file model_9.txt (compact mmCIF, C-alpha atoms and all ligand atoms)
# COMPACT_ATOMS: atom_id res chain seq x y z
CA MET W 1 -88.64 -203.14 -47.67
CA LYS W 2 -88.26 -203.88 -43.95
CA ILE W 3 -89.40 -201.25 -41.44
CA LEU W 4 -88.59 -201.24 -37.73
CA ALA W 5 -91.19 -199.25 -35.80
CA ILE W 6 -91.45 -197.92 -32.26
CA GLU W 7 -94.68 -196.98 -30.48
CA THR W 8 -94.84 -195.48 -26.96
CA SER W 9 -97.87 -193.16 -27.02
CA CYS W 10 -99.51 -194.45 -23.83
CA ASP W 11 -98.65 -197.33 -21.48
CA GLU W 12 -97.39 -199.90 -24.00
CA THR W 13 -93.73 -199.97 -25.04
CA ALA W 14 -93.90 -201.56 -28.48
CA SER W 15 -91.61 -202.37 -31.36
CA ALA W 16 -92.24 -204.38 -34.53
CA VAL W 17 -90.69 -205.26 -37.87
CA VAL W 18 -92.99 -205.35 -40.92
CA GLN W 19 -91.98 -206.22 -44.46
CA ASP W 20 -93.59 -204.50 -47.47
CA GLY W 21 -96.53 -203.22 -45.44
CA TYR W 22 -98.24 -206.59 -45.03
CA ARG W 23 -95.92 -209.22 -43.58
CA LEU W 24 -95.41 -209.11 -39.82
CA LEU W 25 -91.96 -210.38 -38.88
CA SER W 26 -92.15 -209.52 -35.18
CA ASN W 27 -94.44 -207.70 -32.78
CA VAL W 28 -93.24 -207.03 -29.22
CA VAL W 29 -95.42 -205.24 -26.65
CA ALA W 30 -94.39 -204.64 -23.04
CA SER W 31 -97.29 -203.16 -21.12
CA SER W 32 -97.04 -201.25 -17.85
CA VAL W 33 -100.80 -201.81 -17.29
CA ASP W 34 -100.24 -203.76 -14.06
CA LEU W 35 -98.39 -200.79 -12.56
CA HIS W 36 -101.41 -198.54 -13.29
CA LYS W 37 -104.10 -200.91 -11.97
CA ALA W 38 -103.81 -199.64 -8.39
CA TYR W 39 -104.67 -196.13 -9.62
CA GLY W 40 -107.58 -197.14 -11.89
CA GLY W 41 -106.02 -195.46 -14.93
CA VAL W 42 -102.74 -194.64 -16.65
CA VAL W 43 -100.39 -192.51 -14.53
CA PRO W 44 -98.25 -190.57 -17.07
CA GLU W 45 -95.09 -190.43 -14.92
CA ILE W 46 -95.19 -194.18 -14.26
CA ALA W 47 -95.78 -194.87 -17.97
CA ALA W 48 -92.80 -192.71 -19.00
CA ARG W 49 -90.48 -194.31 -16.45
CA SER W 50 -91.54 -197.75 -17.57
CA HIS W 51 -90.85 -196.83 -21.25
CA ILE W 52 -87.31 -195.82 -20.29
CA GLU W 53 -86.74 -199.23 -18.70
CA SER W 54 -88.31 -201.26 -21.52
CA ILE W 55 -87.51 -199.42 -24.74
CA ILE W 56 -84.08 -200.88 -25.55
CA PRO W 57 -84.89 -204.51 -24.61
CA VAL W 58 -88.17 -204.27 -26.56
CA ILE W 59 -86.44 -203.00 -29.74
CA GLU W 60 -83.73 -205.64 -29.40
CA GLU W 61 -86.36 -208.34 -28.98
CA ALA W 62 -88.29 -207.11 -32.06
CA LEU W 63 -85.12 -207.32 -34.19
CA LYS W 64 -84.22 -210.71 -32.73
CA ARG W 65 -87.66 -212.24 -33.27
CA ALA W 66 -87.67 -210.89 -36.85
CA ASN W 67 -84.34 -212.63 -37.32
CA THR W 68 -82.80 -209.38 -38.52
CA SER W 69 -80.56 -206.52 -37.41
CA LEU W 70 -80.59 -202.73 -37.54
CA ASP W 71 -78.19 -202.94 -40.50
CA GLU W 72 -80.70 -204.98 -42.47
CA VAL W 73 -83.78 -202.79 -41.95
CA ASP W 74 -84.49 -200.22 -44.66
CA ALA W 75 -86.25 -197.56 -42.60
CA LEU W 76 -87.41 -196.63 -39.12
CA ALA W 77 -90.80 -195.38 -37.97
CA VAL W 78 -92.05 -193.87 -34.74
CA THR W 79 -95.33 -192.55 -33.34
CA GLU W 80 -95.09 -188.73 -33.16
CA GLY W 81 -98.56 -188.26 -31.61
CA PRO W 82 -101.17 -188.05 -30.28
CA GLY W 83 -100.45 -189.39 -26.82
CA LEU W 84 -98.86 -188.63 -23.47
CA SER W 85 -95.94 -186.28 -24.03
CA GLY W 86 -93.55 -188.03 -21.62
CA SER W 87 -94.38 -191.40 -23.17
CA LEU W 88 -94.06 -190.21 -26.78
CA LEU W 89 -90.74 -188.58 -25.96
CA ILE W 90 -89.05 -191.87 -25.00
CA GLY W 91 -89.99 -193.61 -28.26
CA ILE W 92 -89.01 -190.56 -30.30
CA MET W 93 -85.63 -190.23 -28.56
CA ALA W 94 -84.90 -193.89 -29.26
CA ALA W 95 -85.98 -193.62 -32.91
CA LYS W 96 -84.00 -190.41 -33.48
CA SER W 97 -80.86 -191.98 -32.00
CA LEU W 98 -81.20 -195.10 -34.15
CA ALA W 99 -81.91 -193.04 -37.29
CA ILE W 100 -78.91 -190.77 -36.75
CA ALA W 101 -76.55 -193.63 -35.87
CA SER W 102 -77.68 -195.86 -38.76
CA LYS W 103 -78.37 -193.06 -41.30
CA LYS W 104 -81.69 -194.72 -42.19
CA PRO W 105 -84.81 -192.74 -43.17
CA LEU W 106 -87.25 -192.09 -40.32
CA TYR W 107 -91.03 -191.84 -40.73
CA ALA W 108 -93.02 -189.91 -38.10
CA ILE W 109 -96.44 -191.55 -37.83
CA ASN W 110 -99.86 -190.45 -36.53
CA HIS W 111 -101.03 -193.07 -34.03
CA VAL W 112 -104.76 -192.72 -34.79
CA THR W 113 -104.30 -192.89 -38.57
CA ALA W 114 -102.16 -195.99 -38.00
CA HIS W 115 -104.78 -197.98 -36.03
CA PRO W 116 -106.73 -199.16 -39.13
CA TYR W 117 -103.44 -200.15 -40.80
CA ALA W 118 -103.32 -203.14 -38.45
CA ALA W 119 -105.92 -204.58 -40.85
CA PHE W 120 -103.42 -204.37 -43.75
CA ILE W 121 -101.27 -207.05 -42.10
CA THR W 122 -102.25 -210.22 -43.93
CA SER W 123 -99.28 -212.47 -43.24
CA SER W 124 -97.19 -213.23 -40.19
CA THR W 125 -94.43 -215.49 -39.00
CA ASP W 126 -96.62 -215.92 -35.89
CA LYS W 127 -99.20 -218.46 -37.11
CA SER W 128 -101.39 -217.97 -34.04
CA LEU W 129 -102.58 -214.57 -35.33
CA SER W 130 -105.96 -214.46 -37.03
CA LEU W 131 -105.48 -212.12 -40.02
CA PRO W 132 -107.58 -210.85 -42.94
CA LYS W 133 -106.88 -212.77 -46.18
CA ASN W 134 -106.31 -209.61 -48.24
CA SER W 135 -105.81 -205.94 -47.48
CA PRO W 136 -108.97 -203.80 -47.43
CA PRO W 137 -109.79 -202.13 -50.76
CA PHE W 138 -110.40 -198.36 -51.01
CA PRO W 139 -112.58 -196.44 -50.54
CA SER W 140 -112.65 -197.81 -47.01
CA LEU W 141 -114.73 -196.72 -44.04
CA ALA W 142 -112.76 -196.98 -40.79
CA LEU W 143 -114.32 -197.06 -37.34
CA ILE W 144 -111.43 -196.18 -35.02
CA VAL W 145 -112.35 -196.85 -31.41
CA SER W 146 -109.85 -196.76 -28.58
CA GLY W 147 -109.16 -195.36 -25.14
CA GLY W 148 -108.35 -191.97 -26.61
CA HIS W 149 -110.37 -191.85 -29.86
CA SER W 150 -113.72 -192.66 -31.40
CA GLN W 151 -114.05 -191.67 -35.01
CA LEU W 152 -115.45 -192.61 -38.37
CA VAL W 153 -113.05 -191.91 -41.22
CA LEU W 154 -113.52 -192.39 -44.96
CA PHE W 155 -110.23 -193.31 -46.64
CA LYS W 156 -110.24 -192.63 -50.39
CA ASN W 157 -106.62 -193.75 -50.49
CA HIS W 158 -103.49 -193.76 -48.31
CA PHE W 159 -103.06 -190.28 -46.79
CA ASP W 160 -106.26 -189.16 -48.51
CA TYR W 161 -109.09 -189.34 -46.02
CA LYS W 162 -111.98 -187.42 -44.51
CA VAL W 163 -112.94 -187.57 -40.83
CA LEU W 164 -116.74 -187.99 -40.97
CA GLY W 165 -117.27 -187.71 -37.24
CA GLN W 166 -115.57 -187.99 -33.90
CA THR W 167 -116.27 -187.91 -30.21
CA LEU W 168 -117.25 -184.57 -28.76
CA ASP W 169 -116.09 -185.56 -25.28
CA ASP W 170 -114.97 -188.97 -23.93
CA ALA W 171 -113.70 -191.73 -26.22
CA VAL W 172 -115.67 -194.97 -26.10
CA GLY W 173 -112.78 -196.90 -24.47
CA GLU W 174 -112.53 -194.17 -21.85
CA ALA W 175 -116.26 -194.64 -21.12
CA PHE W 176 -115.69 -198.41 -20.68
CA ASP W 177 -112.84 -197.58 -18.27
CA LYS W 178 -114.93 -195.05 -16.29
CA VAL W 179 -118.03 -197.26 -16.03
CA ALA W 180 -115.82 -200.14 -14.87
CA LYS W 181 -114.51 -197.90 -12.11
CA ILE W 182 -118.05 -196.93 -11.02
CA VAL W 183 -119.16 -200.56 -10.70
CA GLY W 184 -115.85 -201.76 -9.21
CA LEU W 185 -114.39 -203.77 -12.10
CA PRO W 186 -110.62 -203.74 -12.66
CA TYR W 187 -108.70 -201.48 -15.05
CA PRO W 188 -108.57 -201.59 -18.07
CA GLY W 189 -112.35 -201.42 -18.10
CA GLY W 190 -112.97 -202.62 -21.68
CA PRO W 191 -112.04 -206.26 -21.19
CA SER W 192 -113.49 -206.41 -17.65
CA ILE W 193 -116.84 -204.88 -18.70
CA ALA W 194 -116.97 -207.29 -21.67
CA LYS W 195 -116.30 -210.27 -19.39
CA ALA W 196 -118.82 -209.22 -16.71
CA ALA W 197 -121.43 -208.44 -19.39
CA GLN W 198 -121.50 -212.09 -20.50
CA ALA W 199 -123.46 -212.94 -17.34
CA GLY W 200 -125.65 -209.82 -17.46
CA ASP W 201 -128.95 -208.67 -18.95
CA PRO W 202 -128.45 -205.86 -21.50
CA LYS W 203 -132.07 -204.71 -20.94
CA PHE W 204 -131.65 -204.37 -17.15
CA MET W 205 -130.82 -200.66 -17.17
CA PRO W 206 -132.52 -198.65 -19.93
CA LEU W 207 -130.01 -196.05 -21.14
CA PRO W 208 -130.89 -193.21 -23.50
CA ALA W 209 -129.65 -193.08 -27.11
CA ILE W 210 -127.00 -190.40 -27.65
CA LYS W 211 -128.01 -187.37 -29.71
CA THR W 212 -125.35 -185.33 -31.54
CA SER W 213 -126.05 -182.49 -33.94
CA SER W 214 -123.78 -183.98 -36.60
CA ALA W 215 -124.87 -187.49 -37.67
CA TYR W 216 -121.43 -189.11 -37.38
CA ASP W 217 -120.19 -187.51 -34.16
CA PHE W 218 -120.13 -189.49 -30.92
CA SER W 219 -120.56 -188.46 -27.30
CA PHE W 220 -119.92 -190.90 -24.45
CA SER W 221 -119.64 -188.62 -21.44
CA GLY W 222 -123.44 -188.38 -21.09
CA LEU W 223 -123.78 -192.16 -21.32
CA LYS W 224 -121.29 -192.60 -18.48
CA THR W 225 -123.27 -190.08 -16.38
CA ALA W 226 -126.54 -191.88 -17.22
CA VAL W 227 -124.99 -195.13 -15.89
CA LEU W 228 -123.85 -193.31 -12.74
CA ARG W 229 -127.31 -191.82 -12.07
CA ALA W 230 -129.11 -195.12 -12.71
CA THR W 231 -126.65 -196.94 -10.41
CA GLN W 232 -127.15 -194.37 -7.64
CA GLU W 233 -130.91 -194.86 -8.00
CA LEU W 234 -130.55 -198.66 -7.99
CA CYS W 235 -128.65 -198.39 -4.70
CA GLY W 236 -131.32 -196.08 -3.24
CA LYS W 237 -128.92 -193.13 -3.11
CA LYS W 238 -129.22 -189.49 -4.12
CA TYR W 239 -127.32 -187.88 -7.07
CA ASP W 240 -124.70 -186.43 -4.75
CA PHE W 241 -123.73 -189.85 -3.35
CA PRO W 242 -120.00 -190.33 -4.14
CA SER W 243 -119.44 -192.55 -7.19
CA SER W 244 -116.39 -194.10 -5.52
CA GLU W 245 -118.63 -195.64 -2.83
CA LEU W 246 -121.17 -197.23 -5.19
CA ALA W 247 -119.11 -200.29 -6.14
CA GLY W 248 -119.22 -201.58 -2.55
CA LEU W 249 -123.03 -201.56 -2.59
CA LEU W 250 -123.44 -203.70 -5.72
CA ASN W 251 -123.67 -207.48 -5.85
CA SER W 252 -122.11 -209.41 -8.72
CA SER W 253 -125.36 -209.89 -10.61
CA GLN W 254 -126.14 -206.14 -10.51
CA ARG W 255 -122.57 -205.46 -11.66
CA ALA W 256 -122.98 -207.86 -14.60
CA ASN W 257 -126.34 -206.32 -15.52
CA ILE W 258 -124.97 -202.77 -15.49
CA ALA W 259 -121.94 -203.88 -17.55
CA ALA W 260 -124.20 -205.58 -20.11
CA SER W 261 -126.58 -202.59 -20.32
CA PHE W 262 -123.76 -200.08 -20.78
CA GLN W 263 -121.91 -202.24 -23.32
CA SER W 264 -125.07 -202.82 -25.34
CA ARG W 265 -125.86 -199.07 -25.49
CA ALA W 266 -122.25 -198.04 -26.30
CA VAL W 267 -121.96 -200.70 -29.02
CA SER W 268 -125.32 -199.69 -30.57
CA GLU W 269 -124.08 -196.11 -30.87
CA LEU W 270 -120.99 -197.29 -32.78
CA VAL W 271 -122.90 -199.75 -34.97
CA GLY W 272 -125.72 -197.33 -35.85
CA ARG W 273 -123.37 -194.62 -37.08
CA THR W 274 -121.19 -197.11 -38.98
CA LEU W 275 -124.23 -198.50 -40.80
CA LYS W 276 -125.46 -194.99 -41.65
CA ALA W 277 -122.04 -194.03 -43.06
CA TYR W 278 -121.85 -197.28 -45.03
CA LYS W 279 -125.23 -196.55 -46.63
CA GLU W 280 -124.30 -192.95 -47.44
CA PHE W 281 -120.79 -193.52 -48.83
CA SER W 282 -120.93 -197.12 -50.17
CA PRO W 283 -117.26 -197.90 -49.40
CA LEU W 284 -115.68 -201.07 -50.79
CA SER W 285 -114.58 -202.10 -47.32
CA ILE W 286 -115.05 -201.37 -43.63
CA ILE W 287 -112.21 -201.53 -41.10
CA VAL W 288 -112.81 -201.69 -37.36
CA ALA W 289 -109.69 -200.83 -35.36
CA GLY W 290 -108.38 -199.63 -32.00
CA GLY W 291 -108.55 -201.23 -28.55
CA VAL W 292 -112.37 -201.36 -28.47
CA ALA W 293 -112.35 -203.32 -31.77
CA ALA W 294 -111.33 -206.25 -29.55
CA ASN W 295 -114.88 -206.20 -28.14
CA GLN W 296 -116.76 -209.33 -29.22
CA GLU W 297 -120.21 -207.78 -28.78
CA LEU W 298 -119.20 -204.96 -31.14
CA ARG W 299 -117.95 -207.49 -33.69
CA ALA W 300 -121.09 -209.62 -33.36
CA GLN W 301 -123.45 -206.65 -33.82
CA LEU W 302 -121.47 -205.26 -36.77
CA ASP W 303 -121.40 -208.68 -38.45
CA ARG W 304 -125.16 -208.98 -37.96
CA ILE W 305 -126.15 -205.51 -39.16
CA LEU W 306 -123.67 -204.55 -41.90
CA PRO W 307 -124.24 -205.88 -45.43
CA VAL W 308 -120.49 -206.68 -45.77
CA LYS W 309 -118.15 -208.30 -43.26
CA PRO W 310 -115.75 -205.74 -41.81
CA TYR W 311 -111.98 -206.23 -41.71
CA TYR W 312 -110.85 -206.80 -38.13
CA PRO W 313 -107.20 -206.94 -37.10
CA ASP W 314 -106.22 -209.81 -34.80
CA ILE W 315 -107.20 -208.95 -31.18
CA ARG W 316 -103.49 -208.48 -30.36
CA LEU W 317 -103.22 -205.89 -33.14
CA CYS W 318 -106.32 -203.95 -32.00
CA THR W 319 -104.74 -202.55 -28.85
CA ASP W 320 -101.62 -200.38 -29.14
CA ASN W 321 -98.75 -201.94 -31.07
CA ALA W 322 -95.90 -200.93 -33.36
CA ALA W 323 -96.92 -203.23 -36.24
CA MET W 324 -99.58 -200.73 -37.32
CA ILE W 325 -96.97 -197.94 -37.17
CA ALA W 326 -94.54 -199.89 -39.40
CA THR W 327 -97.36 -200.73 -41.83
CA LEU W 328 -98.50 -197.13 -42.26
CA ALA W 329 -94.82 -196.10 -42.62
CA TYR W 330 -94.51 -198.52 -45.53
CA PHE W 331 -97.38 -196.76 -47.33
CA ALA W 332 -95.76 -193.42 -46.49
CA TYR W 333 -92.66 -194.70 -48.28
CA GLU W 334 -94.68 -196.08 -51.19
CA THR W 335 -96.61 -192.83 -51.71
CA LYS W 336 -93.44 -190.73 -51.30
CA GLN W 337 -94.47 -188.90 -48.12
CA PRO W 338 -91.68 -186.81 -46.60
CA THR W 339 -89.45 -188.41 -43.96
CA ALA W 340 -88.77 -186.76 -40.60
CA ASP W 341 -85.57 -184.94 -39.72
CA PRO W 342 -84.22 -186.88 -36.72
CA TYR W 343 -82.43 -183.75 -35.47
CA ILE W 344 -85.64 -181.80 -35.01
CA LEU W 345 -88.47 -184.35 -34.51
CA GLU W 346 -90.55 -183.60 -31.38
CA PRO W 347 -93.62 -185.29 -29.82
CA LEU W 348 -97.00 -183.86 -30.88
CA PRO W 349 -99.26 -184.87 -27.93
CA SER W 350 -102.44 -183.36 -29.42
CA LEU W 351 -101.90 -184.29 -33.06
CA SER W 352 -105.22 -184.96 -34.82
CA MET W 353 -105.91 -186.87 -38.03
O1 LIG W 401 -105.99 -198.63 -28.79
P1 LIG W 401 -105.72 -198.74 -27.34
O2 LIG W 401 -104.82 -199.86 -26.86
O3 LIG W 401 -105.12 -197.41 -26.76
C1 LIG W 401 -105.48 -196.15 -27.21
O4 LIG W 401 -104.98 -195.73 -28.30
O5 LIG W 401 -106.30 -195.53 -26.51
O6 LIG W 401 -107.15 -198.86 -26.62
C2 LIG W 401 -107.27 -199.03 -25.24
C3 LIG W 401 -108.75 -199.00 -24.90
C4 LIG W 401 -109.02 -199.00 -23.39
O7 LIG W 401 -109.94 -197.98 -23.10
C5 LIG W 401 -109.64 -200.38 -23.15
O8 LIG W 401 -110.56 -200.38 -22.08
C6 LIG W 401 -110.31 -200.66 -24.49
O9 LIG W 401 -109.42 -200.15 -25.45
N1 LIG W 401 -110.51 -202.09 -24.71
C7 LIG W 401 -111.74 -202.65 -24.85
C8 LIG W 401 -111.53 -204.05 -24.98
N2 LIG W 401 -110.18 -204.28 -24.94
C9 LIG W 401 -109.59 -203.07 -24.78
N3 LIG W 401 -112.96 -202.08 -24.84
C10 LIG W 401 -114.01 -202.91 -24.98
N4 LIG W 401 -113.91 -204.25 -25.10
C11 LIG W 401 -112.71 -204.87 -25.11
N5 LIG W 401 -112.63 -206.19 -25.22
ZN ZN W 402 -104.25 -196.60 -29.73

call {"tool": "encode", "arguments": {"input": "model_9.txt", "output": "structure tokens"}}
result
Amino acid sequence: MKILAIETSCDETASAVVQDGYRLLSNVVASSVDLHKAYGGVVPEIAARSHIESIIPVIEEALKRANTSLDEVDALAVTEGPGLSGSLLIGIMAAKSLAIASKKPLYAINHVTAHPYAAFITSSTDKSLSLPKNSPPFPSLALIVSGGHSQLVLFKNHFDYKVLGQTLDDAVGEAFDKVAKIVGLPYPGGPSIAKAAQAGDPKFMPLPAIKTSSAYDFSFSGLKTAVLRATQELCGKKYDFPSSELAGLLNSSQRANIAASFQSRAVSELVGRTLKAYKEFSPLSIIVAGGVAANQELRAQLDRILPVKPYYPDIRLCTDNAAMIATLAYFAYETKQPTADPYILEPLPSLSM
């Protein structure tokens, strides 16, 4: 069973071919991140325009690298949400057209549910990927951490899960991006904070632990504000000093120290709640997925604290990609989930799990 998937929920135009829900035949990602750098965040109109330019070449490249053709694939899959509506629309239009023209079944996939499915890819024609040896057994606890989402989900089986907790405000990746902006590190903030933090002292800036009324919920907006206030104080400025002018007052060692302090606090919040959920629910596996799962400090702390080693997708499958969409679509096929009607499928920008 070969599935061709398309993913365009944010700024990555992605297409992939996956066989039988575990073997990655191709994975193509064209990112418009460089176009957004000047603005310090994703500009939806620029992302949508860039999807229009890239979508057909990216799909063609995915088929070519998989050494296959549209005729040979058994089904199509596309992200229906959540995401930016203009971005989602381009992928959905492409998928609908291909499904109608080829008369193949089309699976409409939830992007957030799909993130942990990157860990079900255990084989690839690309030997440079570092993949888990086997797929994670159920019940599985998934920590899904990205630019748009932070949640802990207990999967009893495919399409049978419970969201234990989620962010009440900013996602953790969003907090990395915002703190990077405050200290003057380039977008996307996750990788640049992680890099700067290597030279910093995580104890430099004491940041308060985050309290939420439900044990598994997250909240990162307050942490970002705590970093802002502490940075204003460090620079000898009052609370009304504009955050956009702080970066120019910091030297590189202060920047590294703030990055390390923020990263350490943010990671502790994720690790603490994951450990608590592991102890309460005793899952047979733990999956860590989403863009922030690329963070080495997060991986190191989880490996140190959890009694079992989590399943991590390859770094290239942590950030947005279509391989995870194709993989979840395979399990939708296997568990007889309904397919989408290509004549009526629409983007669902605020779809939740
Ligand atoms: O999963 P993803 O590509 O897109 C969403 O679905 O949101 O995640 C992107 C997020 C961004 O906020 C980015 O800053 C963060 O993942 N990220 C990281 C790292 N690499 C990407 N955060 C922390 N450490 C990293 N190494
Ligand atoms: Zn994502």

call {"tool": "residues_near_ligand", "arguments": {"input": "model_9.txt", "ligand": "ligand LIG 401 (chain W)", "cutoff": "9 Å", "atoms": "only C-alpha atoms and all ligand atoms", "output": "ChimeraX atom specification"}}
result
/W:9-12,82-83,111-112,115,144-149,171-178,180,187-195,263,289-298,315,317-321

call {"tool": "closest_residue", "arguments": {"input": "model_9.txt", "among": "W:Met205, W:Ile325, W:Met353, W:Ala75", "to": "Gln151 in chain W", "atoms": "all atoms listed in the file"}}
result
W:Met353

call {"tool": "residues_around", "arguments": {"input": "model_9.txt", "residues": "Leu24 in chain W", "least_positions_apart": "2", "cutoff": "6 Å", "atoms": "all atoms listed in the file", "output": "PyMOL selection string"}}
result
chain W and resi 18+26+124

call {"tool": "closest_residue", "arguments": {"input": "model_9.txt", "among": "W:Ala101, W:Ile59, W:Ala114, W:Val153", "to": "ligand ZN 402 (chain W)", "atoms": "all atoms listed in the file"}}
result
W:Ala114

call {"tool": "residues_around", "arguments": {"input": "model_9.txt", "residues": "Leu35 in chain W", "least_positions_apart": "4", "cutoff": "10 Å", "atoms": "all atoms listed in the file", "output": "list in words"}}
result
Asp11, Ser31, Tyr39, Gly40, Gly41, Val42, Val43, Ile46, Ala47 and Ser50 of chain W

call {"tool": "atom_distance", "arguments": {"input": "model_9.txt", "atom1": "CA of Glu245 in chain W", "atom2": "CA of Asp201 in chain W"}}
result
23.2 Å

call {"tool": "atom_distance", "arguments": {"input": "model_9.txt", "atom1": "CA of Ser221 in chain W", "atom2": "CA of Ser243 in chain W"}}
result
14.8 Å

call {"tool": "closest_residue", "arguments": {"input": "model_9.txt", "among": "W:Thr335, W:Thr122, W:Asn110, W:Ser285", "to": "ligand ZN 402 (chain W)", "atoms": "only C-alpha atoms and all ligand atoms"}}
result
W:Asn110

call {"tool": "residues_around", "arguments": {"input": "model_9.txt", "residues": "Ala247 in chain W", "least_positions_apart": "6", "cutoff": "7 Å", "atoms": "only C-alpha atoms", "output": "ChimeraX atom specification"}}
result
/W:182-184

call {"tool": "residues_around", "arguments": {"input": "model_9.txt", "residues": "Ala332 in chain W", "least_positions_apart": "3", "cutoff": "12 Å", "atoms": "all atoms listed in the file", "output": "PDB file with C-alpha atoms, in the frame of the given file"}}
result
ATOM      1  CA  ILE W   3     -89.400-201.250 -41.440  1.00  0.00           C
ATOM      2  CA  ASP W  20     -93.590-204.500 -47.470  1.00  0.00           C
ATOM      3  CA  GLY W  21     -96.530-203.220 -45.440  1.00  0.00           C
ATOM      4  CA  ALA W  75     -86.250-197.560 -42.600  1.00  0.00           C
ATOM      5  CA  LEU W  76     -87.410-196.630 -39.120  1.00  0.00           C
ATOM      6  CA  ALA W  77     -90.800-195.380 -37.970  1.00  0.00           C
ATOM      7  CA  PRO W 105     -84.810-192.740 -43.170  1.00  0.00           C
ATOM      8  CA  LEU W 106     -87.250-192.090 -40.320  1.00  0.00           C
ATOM      9  CA  TYR W 107     -91.030-191.840 -40.730  1.00  0.00           C
ATOM     10  CA  ALA W 108     -93.020-189.910 -38.100  1.00  0.00           C
ATOM     11  CA  ILE W 109     -96.440-191.550 -37.830  1.00  0.00           C
ATOM     12  CA  ASN W 110     -99.860-190.450 -36.530  1.00  0.00           C
ATOM     13  CA  THR W 113    -104.300-192.890 -38.570  1.00  0.00           C
ATOM     14  CA  ALA W 114    -102.160-195.990 -38.000  1.00  0.00           C
ATOM     15  CA  TYR W 117    -103.440-200.150 -40.800  1.00  0.00           C
ATOM     16  CA  ASN W 157    -106.620-193.750 -50.490  1.00  0.00           C
ATOM     17  CA  HIS W 158    -103.490-193.760 -48.310  1.00  0.00           C
ATOM     18  CA  PHE W 159    -103.060-190.280 -46.790  1.00  0.00           C
ATOM     19  CA  ASP W 160    -106.260-189.160 -48.510  1.00  0.00           C
ATOM     20  CA  ILE W 325     -96.970-197.940 -37.170  1.00  0.00           C
ATOM     21  CA  ALA W 326     -94.540-199.890 -39.400  1.00  0.00           C
ATOM     22  CA  THR W 327     -97.360-200.730 -41.830  1.00  0.00           C
ATOM     23  CA  LEU W 328     -98.500-197.130 -42.260  1.00  0.00           C
ATOM     24  CA  ALA W 329     -94.820-196.100 -42.620  1.00  0.00           C
ATOM     25  CA  THR W 335     -96.610-192.830 -51.710  1.00  0.00           C
ATOM     26  CA  LYS W 336     -93.440-190.730 -51.300  1.00  0.00           C
ATOM     27  CA  GLN W 337     -94.470-188.900 -48.120  1.00  0.00           C
ATOM     28  CA  PRO W 338     -91.680-186.810 -46.600  1.00  0.00           C
ATOM     29  CA  THR W 339     -89.450-188.410 -43.960  1.00  0.00           C
ATOM     30  CA  ALA W 340     -88.770-186.760 -40.600  1.00  0.00           C
TER      31      ALA W 340
END

call {"tool": "residues_near_point", "arguments": {"input": "model_9.txt", "point": "(-102.4, -182.5, -29.2)", "cutoff": "8 Å", "atoms": "only C-alpha atoms", "output": "list in words"}}
result
Gly81, Pro82, Gly83, Leu348, Pro349, Ser350, Leu351 and Ser352 of chain W

call {"tool": "closest_residue", "arguments": {"input": "model_9.txt", "among": "W:Met324, W:Ala99, W:Ser268, W:Phe138", "to": "ligand ZN 402 (chain W)", "atoms": "only C-alpha atoms and all ligand atoms"}}
result
W:Met324

call {"tool": "closest_residue", "arguments": {"input": "model_9.txt", "among": "W:Glu80, W:Pro206, W:Tyr311, W:Ile258", "to": "Pro132 in chain W", "atoms": "only C-alpha atoms"}}
result
W:Tyr311

call {"tool": "closest_residue", "arguments": {"input": "model_9.txt", "among": "W:Asp74, W:Gln166, W:Ala259, W:Pro186", "to": "His36 in chain W", "atoms": "all atoms listed in the file"}}
result
W:Pro186
